[in-house]
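*Asks:* Data: work.txt, compact mmCIF, N, CA and C atoms.
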```
# COMPACT_ATOMS: atom_id res chain seq x y z
N MET A 182 -15.77 16.18 16.11
CA MET A 182 -15.03 15.49 15.07
C MET A 182 -13.57 15.94 15.14
N ILE A 183 -12.67 14.99 15.13
CA ILE A 183 -11.24 15.26 15.20
C ILE A 183 -10.59 14.84 13.88
N TRP A 184 -9.61 15.64 13.46
CA TRP A 184 -8.79 15.32 12.29
C TRP A 184 -7.35 15.24 12.75
N ASP A 185 -6.60 14.30 12.20
CA ASP A 185 -5.16 14.21 12.47
C ASP A 185 -4.48 13.73 11.19
N GLN A 186 -3.27 14.22 10.97
CA GLN A 186 -2.54 13.78 9.78
C GLN A 186 -1.08 13.57 10.14
N THR A 187 -0.52 12.48 9.64
CA THR A 187 0.89 12.17 9.89
C THR A 187 1.48 11.53 8.64
N ILE A 188 2.79 11.59 8.56
CA ILE A 188 3.52 10.93 7.48
C ILE A 188 4.08 9.63 8.04
N ILE A 189 3.81 8.55 7.33
CA ILE A 189 4.34 7.23 7.70
C ILE A 189 5.44 6.88 6.72
N GLU A 190 6.60 6.55 7.25
CA GLU A 190 7.75 6.19 6.42
C GLU A 190 7.94 4.67 6.50
N LEU A 191 7.85 4.02 5.35
CA LEU A 191 8.06 2.57 5.29
C LEU A 191 9.48 2.31 4.77
N SER A 192 10.18 1.41 5.42
CA SER A 192 11.54 1.05 5.01
C SER A 192 11.53 0.45 3.61
N PRO A 193 12.65 0.56 2.89
CA PRO A 193 12.72 -0.04 1.55
C PRO A 193 12.42 -1.54 1.60
N LEU A 194 11.64 -1.98 0.64
CA LEU A 194 11.28 -3.40 0.52
C LEU A 194 11.56 -3.85 -0.91
N PRO A 195 11.85 -5.13 -1.10
CA PRO A 195 12.06 -5.62 -2.47
C PRO A 195 10.75 -5.65 -3.24
N ARG A 196 10.87 -5.82 -4.52
CA ARG A 196 9.69 -5.92 -5.37
C ARG A 196 8.78 -7.03 -4.85
N GLY A 197 7.48 -6.75 -4.82
CA GLY A 197 6.51 -7.75 -4.36
C GLY A 197 5.40 -7.11 -3.56
N PHE A 198 4.57 -7.96 -3.00
CA PHE A 198 3.42 -7.55 -2.20
C PHE A 198 3.75 -7.83 -0.74
N HIS A 199 3.73 -6.78 0.09
CA HIS A 199 4.21 -6.89 1.46
C HIS A 199 3.14 -6.45 2.45
N LEU A 200 2.94 -7.24 3.51
CA LEU A 200 2.04 -6.84 4.59
C LEU A 200 2.71 -5.75 5.41
N VAL A 201 2.04 -4.61 5.55
CA VAL A 201 2.61 -3.50 6.31
C VAL A 201 1.65 -3.00 7.38
N THR A 202 0.65 -3.79 7.70
CA THR A 202 -0.36 -3.37 8.69
C THR A 202 0.30 -2.95 9.99
N ASN A 203 1.20 -3.76 10.52
CA ASN A 203 1.82 -3.45 11.82
C ASN A 203 2.66 -2.18 11.76
N GLU A 204 3.37 -1.97 10.66
CA GLU A 204 4.18 -0.76 10.52
C GLU A 204 3.28 0.48 10.47
N VAL A 205 2.16 0.38 9.77
CA VAL A 205 1.22 1.51 9.70
C VAL A 205 0.67 1.80 11.09
N LEU A 206 0.23 0.78 11.80
CA LEU A 206 -0.34 0.98 13.14
C LEU A 206 0.69 1.54 14.12
N ALA A 207 1.94 1.10 14.00
CA ALA A 207 2.99 1.58 14.90
C ALA A 207 3.25 3.07 14.70
N GLN A 208 3.03 3.56 13.48
CA GLN A 208 3.31 4.97 13.20
C GLN A 208 2.05 5.84 13.21
N ALA A 209 0.93 5.26 13.58
CA ALA A 209 -0.33 6.01 13.68
C ALA A 209 -1.01 5.72 15.02
N PRO A 210 -0.31 6.02 16.14
CA PRO A 210 -0.88 5.66 17.46
C PRO A 210 -2.15 6.41 17.82
N GLU A 211 -2.42 7.55 17.18
CA GLU A 211 -3.63 8.32 17.47
C GLU A 211 -4.88 7.50 17.17
N LEU A 212 -4.76 6.54 16.29
CA LEU A 212 -5.89 5.70 15.90
C LEU A 212 -6.53 5.02 17.11
N THR A 213 -5.73 4.67 18.12
CA THR A 213 -6.27 3.96 19.28
C THR A 213 -7.23 4.82 20.11
N HIS A 214 -7.19 6.14 19.92
CA HIS A 214 -8.08 7.05 20.65
C HIS A 214 -9.40 7.29 19.92
N CYS A 215 -9.51 6.78 18.71
CA CYS A 215 -10.67 7.06 17.86
C CYS A 215 -11.75 5.99 18.10
N GLU A 216 -12.91 6.41 18.53
CA GLU A 216 -14.02 5.49 18.77
C GLU A 216 -14.63 5.00 17.46
N VAL A 217 -14.86 5.94 16.55
CA VAL A 217 -15.40 5.61 15.24
C VAL A 217 -14.82 6.61 14.24
N GLY A 218 -14.40 6.12 13.09
CA GLY A 218 -13.81 7.04 12.12
C GLY A 218 -13.28 6.33 10.89
N LEU A 219 -12.45 7.08 10.17
CA LEU A 219 -11.84 6.59 8.94
C LEU A 219 -10.36 6.93 8.93
N LEU A 220 -9.56 6.00 8.46
CA LEU A 220 -8.14 6.23 8.22
C LEU A 220 -7.94 6.18 6.71
N HIS A 221 -7.49 7.29 6.17
CA HIS A 221 -7.20 7.35 4.73
C HIS A 221 -5.68 7.30 4.57
N LEU A 222 -5.20 6.36 3.76
CA LEU A 222 -3.78 6.22 3.47
C LEU A 222 -3.55 6.54 2.00
N PHE A 223 -2.55 7.38 1.73
CA PHE A 223 -2.21 7.77 0.37
C PHE A 223 -0.70 7.62 0.19
N ILE A 224 -0.27 6.86 -0.80
CA ILE A 224 1.16 6.68 -1.05
C ILE A 224 1.63 7.77 -2.01
N GLN A 225 2.73 8.43 -1.67
CA GLN A 225 3.24 9.55 -2.45
C GLN A 225 4.25 9.10 -3.51
N HIS A 226 3.93 8.07 -4.22
CA HIS A 226 4.84 7.51 -5.23
C HIS A 226 4.03 7.01 -6.41
N THR A 227 4.65 6.95 -7.59
CA THR A 227 3.95 6.51 -8.80
C THR A 227 4.36 5.11 -9.25
N SER A 228 5.20 4.44 -8.47
CA SER A 228 5.63 3.10 -8.86
C SER A 228 5.39 2.09 -7.74
N ALA A 229 4.48 2.41 -6.84
CA ALA A 229 4.05 1.50 -5.78
C ALA A 229 2.58 1.80 -5.52
N SER A 230 1.90 0.89 -4.86
CA SER A 230 0.48 1.08 -4.60
C SER A 230 0.09 0.46 -3.27
N LEU A 231 -1.16 0.66 -2.88
CA LEU A 231 -1.69 0.14 -1.62
C LEU A 231 -2.92 -0.72 -1.91
N ALA A 232 -3.07 -1.78 -1.12
CA ALA A 232 -4.23 -2.66 -1.27
C ALA A 232 -4.55 -3.32 0.06
N VAL A 233 -5.73 -3.88 0.14
CA VAL A 233 -6.12 -4.73 1.28
C VAL A 233 -6.36 -6.11 0.71
N ASN A 234 -5.75 -7.12 1.36
CA ASN A 234 -5.95 -8.49 0.91
C ASN A 234 -5.52 -9.46 2.00
N GLU A 235 -5.39 -10.72 1.64
CA GLU A 235 -5.06 -11.85 2.52
C GLU A 235 -3.87 -11.55 3.43
N ASN A 236 -4.05 -11.78 4.74
CA ASN A 236 -2.96 -11.52 5.68
C ASN A 236 -2.35 -12.78 6.29
N ALA A 237 -2.77 -13.96 5.86
CA ALA A 237 -2.31 -15.18 6.51
C ALA A 237 -1.36 -16.00 5.64
N ASP A 238 -1.76 -16.32 4.44
CA ASP A 238 -0.97 -17.22 3.59
C ASP A 238 -0.06 -16.42 2.67
N PRO A 239 1.27 -16.48 2.85
CA PRO A 239 2.19 -15.72 1.99
C PRO A 239 2.15 -16.15 0.54
N ASP A 240 1.61 -17.33 0.23
CA ASP A 240 1.48 -17.75 -1.16
C ASP A 240 0.61 -16.79 -1.97
N VAL A 241 -0.35 -16.16 -1.31
CA VAL A 241 -1.22 -15.20 -2.00
C VAL A 241 -0.37 -14.05 -2.53
N ARG A 242 0.52 -13.52 -1.70
CA ARG A 242 1.36 -12.40 -2.12
C ARG A 242 2.27 -12.79 -3.27
N GLY A 243 2.84 -13.99 -3.23
CA GLY A 243 3.66 -14.48 -4.33
C GLY A 243 2.87 -14.67 -5.61
N ASP A 244 1.69 -15.22 -5.47
CA ASP A 244 0.83 -15.41 -6.65
C ASP A 244 0.43 -14.08 -7.28
N LEU A 245 0.13 -13.09 -6.44
CA LEU A 245 -0.21 -11.77 -6.97
C LEU A 245 0.97 -11.18 -7.75
N GLU A 246 2.16 -11.27 -7.19
CA GLU A 246 3.35 -10.74 -7.87
C GLU A 246 3.55 -11.43 -9.22
N ARG A 247 3.47 -12.74 -9.24
CA ARG A 247 3.65 -13.47 -10.49
C ARG A 247 2.57 -13.12 -11.51
N HIS A 248 1.33 -12.99 -11.06
CA HIS A 248 0.23 -12.67 -11.97
C HIS A 248 0.43 -11.28 -12.58
N PHE A 249 0.74 -10.29 -11.75
CA PHE A 249 0.93 -8.94 -12.28
C PHE A 249 2.12 -8.88 -13.24
N ASN A 250 3.15 -9.70 -13.01
CA ASN A 250 4.30 -9.71 -13.92
C ASN A 250 3.94 -10.31 -15.28
N VAL A 251 2.99 -11.23 -15.30
CA VAL A 251 2.51 -11.77 -16.58
C VAL A 251 1.61 -10.75 -17.26
N MET A 252 0.71 -10.13 -16.50
CA MET A 252 -0.21 -9.13 -17.07
C MET A 252 0.52 -7.90 -17.61
N VAL A 253 1.55 -7.46 -16.89
CA VAL A 253 2.27 -6.24 -17.24
C VAL A 253 3.76 -6.57 -17.29
N PRO A 254 4.23 -7.12 -18.40
CA PRO A 254 5.63 -7.58 -18.48
C PRO A 254 6.61 -6.42 -18.66
N GLU A 255 7.84 -6.68 -18.30
CA GLU A 255 8.93 -5.76 -18.60
C GLU A 255 9.29 -5.87 -20.08
N ASN A 256 9.95 -4.84 -20.59
CA ASN A 256 10.50 -4.82 -21.95
C ASN A 256 9.46 -5.00 -23.05
N ALA A 257 8.23 -4.59 -22.82
CA ALA A 257 7.23 -4.65 -23.89
C ALA A 257 7.66 -3.68 -25.00
N PRO A 258 7.55 -4.09 -26.25
CA PRO A 258 8.06 -3.26 -27.34
C PRO A 258 7.32 -1.94 -27.52
N HIS A 259 6.13 -1.81 -26.96
CA HIS A 259 5.34 -0.58 -27.13
C HIS A 259 5.63 0.47 -26.05
N TYR A 260 6.48 0.19 -25.05
CA TYR A 260 6.80 1.19 -24.03
C TYR A 260 7.74 2.24 -24.60
N ALA A 261 7.39 3.51 -24.43
CA ALA A 261 8.27 4.61 -24.80
C ALA A 261 9.07 5.11 -23.60
N HIS A 262 8.51 4.99 -22.40
CA HIS A 262 9.16 5.45 -21.16
C HIS A 262 10.09 4.34 -20.65
N VAL A 263 11.34 4.37 -21.10
CA VAL A 263 12.28 3.29 -20.76
C VAL A 263 13.57 3.79 -20.13
N MET A 264 13.71 5.09 -19.94
CA MET A 264 14.96 5.69 -19.45
C MET A 264 15.32 5.25 -18.03
N GLU A 265 14.32 4.89 -17.21
CA GLU A 265 14.58 4.56 -15.81
C GLU A 265 14.67 3.06 -15.56
N GLY A 266 14.81 2.27 -16.60
CA GLY A 266 14.97 0.83 -16.44
C GLY A 266 13.74 0.06 -16.87
N PRO A 267 13.92 -1.23 -17.09
CA PRO A 267 12.82 -2.06 -17.62
C PRO A 267 11.67 -2.28 -16.65
N ASP A 268 11.89 -2.04 -15.35
CA ASP A 268 10.81 -2.24 -14.38
C ASP A 268 9.98 -0.98 -14.14
N ASP A 269 10.42 0.17 -14.69
CA ASP A 269 9.77 1.43 -14.35
C ASP A 269 8.40 1.59 -14.98
N MET A 270 8.28 1.46 -16.29
CA MET A 270 6.96 1.63 -16.92
C MET A 270 5.97 0.58 -16.44
N PRO A 271 6.36 -0.70 -16.31
CA PRO A 271 5.42 -1.66 -15.72
C PRO A 271 5.00 -1.26 -14.30
N ALA A 272 5.92 -0.66 -13.54
CA ALA A 272 5.58 -0.22 -12.18
C ALA A 272 4.49 0.85 -12.21
N HIS A 273 4.60 1.78 -13.15
CA HIS A 273 3.57 2.83 -13.26
C HIS A 273 2.21 2.22 -13.63
N ILE A 274 2.21 1.29 -14.55
CA ILE A 274 0.96 0.65 -14.96
C ILE A 274 0.33 -0.11 -13.80
N LYS A 275 1.13 -0.90 -13.09
CA LYS A 275 0.62 -1.66 -11.94
C LYS A 275 0.09 -0.73 -10.86
N SER A 276 0.78 0.38 -10.65
CA SER A 276 0.34 1.35 -9.64
C SER A 276 -1.04 1.91 -9.98
N ILE A 277 -1.25 2.22 -11.26
CA ILE A 277 -2.57 2.72 -11.68
C ILE A 277 -3.63 1.63 -11.53
N MET A 278 -3.30 0.40 -11.84
CA MET A 278 -4.27 -0.69 -11.76
C MET A 278 -4.73 -0.93 -10.32
N ILE A 279 -3.81 -0.87 -9.38
CA ILE A 279 -4.14 -1.17 -7.98
C ILE A 279 -4.60 0.09 -7.25
N GLY A 280 -3.90 1.19 -7.44
CA GLY A 280 -4.31 2.46 -6.86
C GLY A 280 -3.40 2.96 -5.76
N PRO A 281 -3.44 4.29 -5.53
CA PRO A 281 -2.54 4.91 -4.56
C PRO A 281 -3.11 5.09 -3.16
N SER A 282 -4.36 4.71 -2.92
CA SER A 282 -4.93 5.03 -1.61
C SER A 282 -5.92 3.98 -1.12
N LEU A 283 -6.14 4.03 0.19
CA LEU A 283 -7.12 3.19 0.87
C LEU A 283 -7.87 4.05 1.87
N THR A 284 -9.13 3.76 2.07
CA THR A 284 -9.90 4.35 3.16
C THR A 284 -10.43 3.19 4.00
N LEU A 285 -9.99 3.18 5.27
CA LEU A 285 -10.29 2.05 6.15
C LEU A 285 -11.12 2.50 7.35
N PRO A 286 -12.15 1.72 7.72
CA PRO A 286 -12.96 2.09 8.87
C PRO A 286 -12.23 1.80 10.19
N ILE A 287 -12.56 2.63 11.18
CA ILE A 287 -12.04 2.44 12.54
C ILE A 287 -13.22 2.22 13.46
N HIS A 288 -13.09 1.23 14.33
CA HIS A 288 -14.13 0.90 15.30
C HIS A 288 -13.46 0.64 16.64
N GLN A 289 -13.81 1.42 17.64
CA GLN A 289 -13.30 1.27 19.00
C GLN A 289 -11.77 1.22 19.04
N GLY A 290 -11.14 2.15 18.35
CA GLY A 290 -9.69 2.29 18.41
C GLY A 290 -8.89 1.30 17.60
N ARG A 291 -9.56 0.55 16.73
CA ARG A 291 -8.87 -0.45 15.91
C ARG A 291 -9.36 -0.37 14.47
N LEU A 292 -8.49 -0.78 13.54
CA LEU A 292 -8.94 -0.90 12.17
C LEU A 292 -10.00 -1.98 12.10
N ALA A 293 -11.07 -1.73 11.41
CA ALA A 293 -12.16 -2.69 11.29
C ALA A 293 -11.95 -3.55 10.04
N LEU A 294 -10.80 -4.20 9.99
CA LEU A 294 -10.50 -5.12 8.89
C LEU A 294 -11.12 -6.47 9.19
N GLY A 295 -11.36 -7.25 8.16
CA GLY A 295 -11.83 -8.61 8.35
C GLY A 295 -10.73 -9.49 8.92
N THR A 296 -11.10 -10.64 9.40
CA THR A 296 -10.16 -11.55 10.05
C THR A 296 -8.93 -11.83 9.21
N TRP A 297 -9.09 -11.98 7.92
CA TRP A 297 -7.98 -12.38 7.05
C TRP A 297 -7.49 -11.24 6.17
N GLN A 298 -7.72 -10.00 6.60
CA GLN A 298 -7.31 -8.85 5.79
C GLN A 298 -6.14 -8.11 6.42
N GLY A 299 -5.26 -7.62 5.55
CA GLY A 299 -4.15 -6.80 5.98
C GLY A 299 -3.86 -5.75 4.92
N ILE A 300 -3.08 -4.75 5.31
CA ILE A 300 -2.69 -3.67 4.39
C ILE A 300 -1.43 -4.11 3.65
N TYR A 301 -1.48 -4.00 2.34
CA TYR A 301 -0.32 -4.34 1.49
C TYR A 301 0.34 -3.07 0.97
N LEU A 302 1.67 -3.06 1.02
CA LEU A 302 2.44 -2.19 0.16
C LEU A 302 2.77 -3.04 -1.06
N CYS A 303 2.34 -2.60 -2.21
CA CYS A 303 2.62 -3.30 -3.46
C CYS A 303 3.79 -2.58 -4.10
N GLU A 304 4.96 -3.15 -3.95
CA GLU A 304 6.20 -2.53 -4.46
C GLU A 304 6.45 -3.07 -5.86
N HIS A 305 6.46 -2.17 -6.83
CA HIS A 305 6.57 -2.58 -8.23
C HIS A 305 7.95 -2.34 -8.84
N ARG A 306 8.88 -1.76 -8.09
CA ARG A 306 10.23 -1.53 -8.60
C ARG A 306 11.19 -2.58 -8.02
N ASN A 307 12.21 -2.91 -8.79
CA ASN A 307 13.20 -3.89 -8.33
C ASN A 307 14.01 -3.36 -7.16
N ARG A 308 14.41 -2.11 -7.21
CA ARG A 308 15.23 -1.52 -6.15
C ARG A 308 14.67 -0.16 -5.75
N ALA A 309 13.61 -0.19 -5.01
CA ALA A 309 12.96 1.05 -4.59
C ALA A 309 13.55 1.53 -3.27
N GLY A 310 13.36 2.78 -2.99
CA GLY A 310 13.76 3.33 -1.70
C GLY A 310 12.61 3.23 -0.70
N SER A 311 12.73 4.00 0.36
CA SER A 311 11.65 4.03 1.34
C SER A 311 10.41 4.62 0.68
N ARG A 312 9.27 4.33 1.25
CA ARG A 312 7.99 4.82 0.71
C ARG A 312 7.29 5.64 1.79
N ARG A 313 6.68 6.74 1.35
CA ARG A 313 5.97 7.64 2.26
C ARG A 313 4.47 7.53 2.06
N LEU A 314 3.76 7.41 3.18
CA LEU A 314 2.30 7.41 3.16
C LEU A 314 1.81 8.62 3.94
N VAL A 315 0.81 9.29 3.42
CA VAL A 315 0.11 10.31 4.18
C VAL A 315 -1.07 9.62 4.84
N ALA A 316 -1.11 9.64 6.16
CA ALA A 316 -2.19 9.01 6.91
C ALA A 316 -3.07 10.11 7.49
N THR A 317 -4.32 10.15 7.04
CA THR A 317 -5.27 11.15 7.53
C THR A 317 -6.36 10.44 8.31
N LEU A 318 -6.49 10.82 9.56
CA LEU A 318 -7.45 10.20 10.47
C LEU A 318 -8.58 11.19 10.72
N GLN A 319 -9.79 10.73 10.54
CA GLN A 319 -10.97 11.53 10.83
C GLN A 319 -11.89 10.69 11.71
N GLY A 320 -12.35 11.27 12.79
CA GLY A 320 -13.25 10.48 13.61
C GLY A 320 -13.69 11.17 14.88
N ARG A 321 -14.37 10.39 15.69
CA ARG A 321 -14.88 10.86 16.99
C ARG A 321 -14.07 10.19 18.10
N TRP A 322 -13.56 11.00 18.97
CA TRP A 322 -12.79 10.47 20.09
C TRP A 322 -13.70 10.19 21.24
```
Could you render the structure as structure tokens?

*Replies:*
Amino acid sequence: MIWDQTIIELSPLPRGFHLVTNEVLAQAPELTHCEVGLLHLFIQHTSASLAVNENADPDVRGDLERHFNVMVPENAPHYAHVMEGPDDMPAHIKSIMIGPSLTLPIHQGRLALGTWQGIYLCEHRNRAGSRRLVATLQGRW
């Protein structure tokens, strides 16, 4: 059994749901040596999250962003945490709803995602910086 861990740095992205599968794979080349295993991704931020969803139709990502903005609006009168701007508290709530991590299966050196699945960075801030992921690979070479 082999373990490997690396930090993946994602460039700043605007608010929304973004496919980052290729960026993750480009920064985790050890994955190609793994016959069978798991890739665990953990985002080190409280205002962004990770998900797996539709990788083909960009309308899905837009619909998700619009839906979450209706579910968790900015400037709600009950928010006490408002010092960092109107998008900050909603970003924390969205991050908790979606979650900070993914565990993905690896089969013959590739992510075993479904045909229409990709890794999303769910960016919940209007002007966020780069995002860091801890990528932990466990498997059999």

*Asks:* Measuring atom to atom with only C-alpha atoms, identify which of A:Ala229, A:Val263, A:Ala237, A:Ala316 is nearest to Met278 in chain A.

*Replies:* A:Ala229

*Asks:* What does the distance between atom N of Ala207 in chain A and atom N of Gln289 in chain A come to in Å, to one decimal place?

*Replies:*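 Separating atom N of Ala207 in chain A from atom N of Gln289 in chain A is a distance of 16.2 Å.
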
*Asks:* Could you name the residues that touch Gln319 in chain A at 5 Å or less, counting all atoms listed in the file, but leaving out those on the same chain fewer than 6 positions away, as an MDAnalysis selection string?

*Replies:* chainID A and resid 183:184 218:219

*Asks:* With N, CA and C atoms retained, could you export that selection as a PDB file, keeping the file's coordinate frame?

*Replies:*
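again.pdb, written as the output of this step:
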```
ATOM      1  N   ILE A 183     -12.670  14.990  15.130  1.00  0.00           N
ATOM      2  CA  ILE A 183     -11.240  15.260  15.200  1.00  0.00           C
ATOM      3  C   ILE A 183     -10.590  14.840  13.880  1.00  0.00           C
ATOM      4  N   TRP A 184      -9.610  15.640  13.460  1.00  0.00           N
ATOM      5  CA  TRP A 184      -8.790  15.320  12.290  1.00  0.00           C
ATOM      6  C   TRP A 184      -7.350  15.240  12.750  1.00  0.00           C
ATOM      7  N   GLY A 218     -14.400   6.120  13.090  1.00  0.00           N
ATOM      8  CA  GLY A 218     -13.810   7.040  12.120  1.00  0.00           C
ATOM      9  C   GLY A 218     -13.280   6.330  10.890  1.00  0.00           C
ATOM     10  N   LEU A 219     -12.450   7.080  10.170  1.00  0.00           N
ATOM     11  CA  LEU A 219     -11.840   6.590   8.940  1.00  0.00           C
ATOM     12  C   LEU A 219     -10.360   6.930   8.930  1.00  0.00           C
TER      13      LEU A 219
END
```

*Asks:* If I put a ball of radius 8 Å at (9.1, 5.1, 6.6) in the file's coordinates, which residues poke into it when counting only C-alpha atoms, written as a ChimeraX atom specification?

*Replies:* /A:189-192,311-314

*Asks:* Measuring atom to atom with only C-alpha atoms, identify which of A:Tyr301, A:Leu318, A:Val241, A:Arg306 is nearest to Glu204 in chain A.

*Replies:*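 Answer, going by the shortest atom-to-atom distance: A:Tyr301.
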
*Asks:* Pick out the residues sitting within 8 Å of Leu283 in chain A, and hand them over as a ChimeraX atom specification; count only N, CA and C atoms, and ignore anything fewer than 5 positions along from it in its own chain.

*Replies:* /A:220-224,230-233
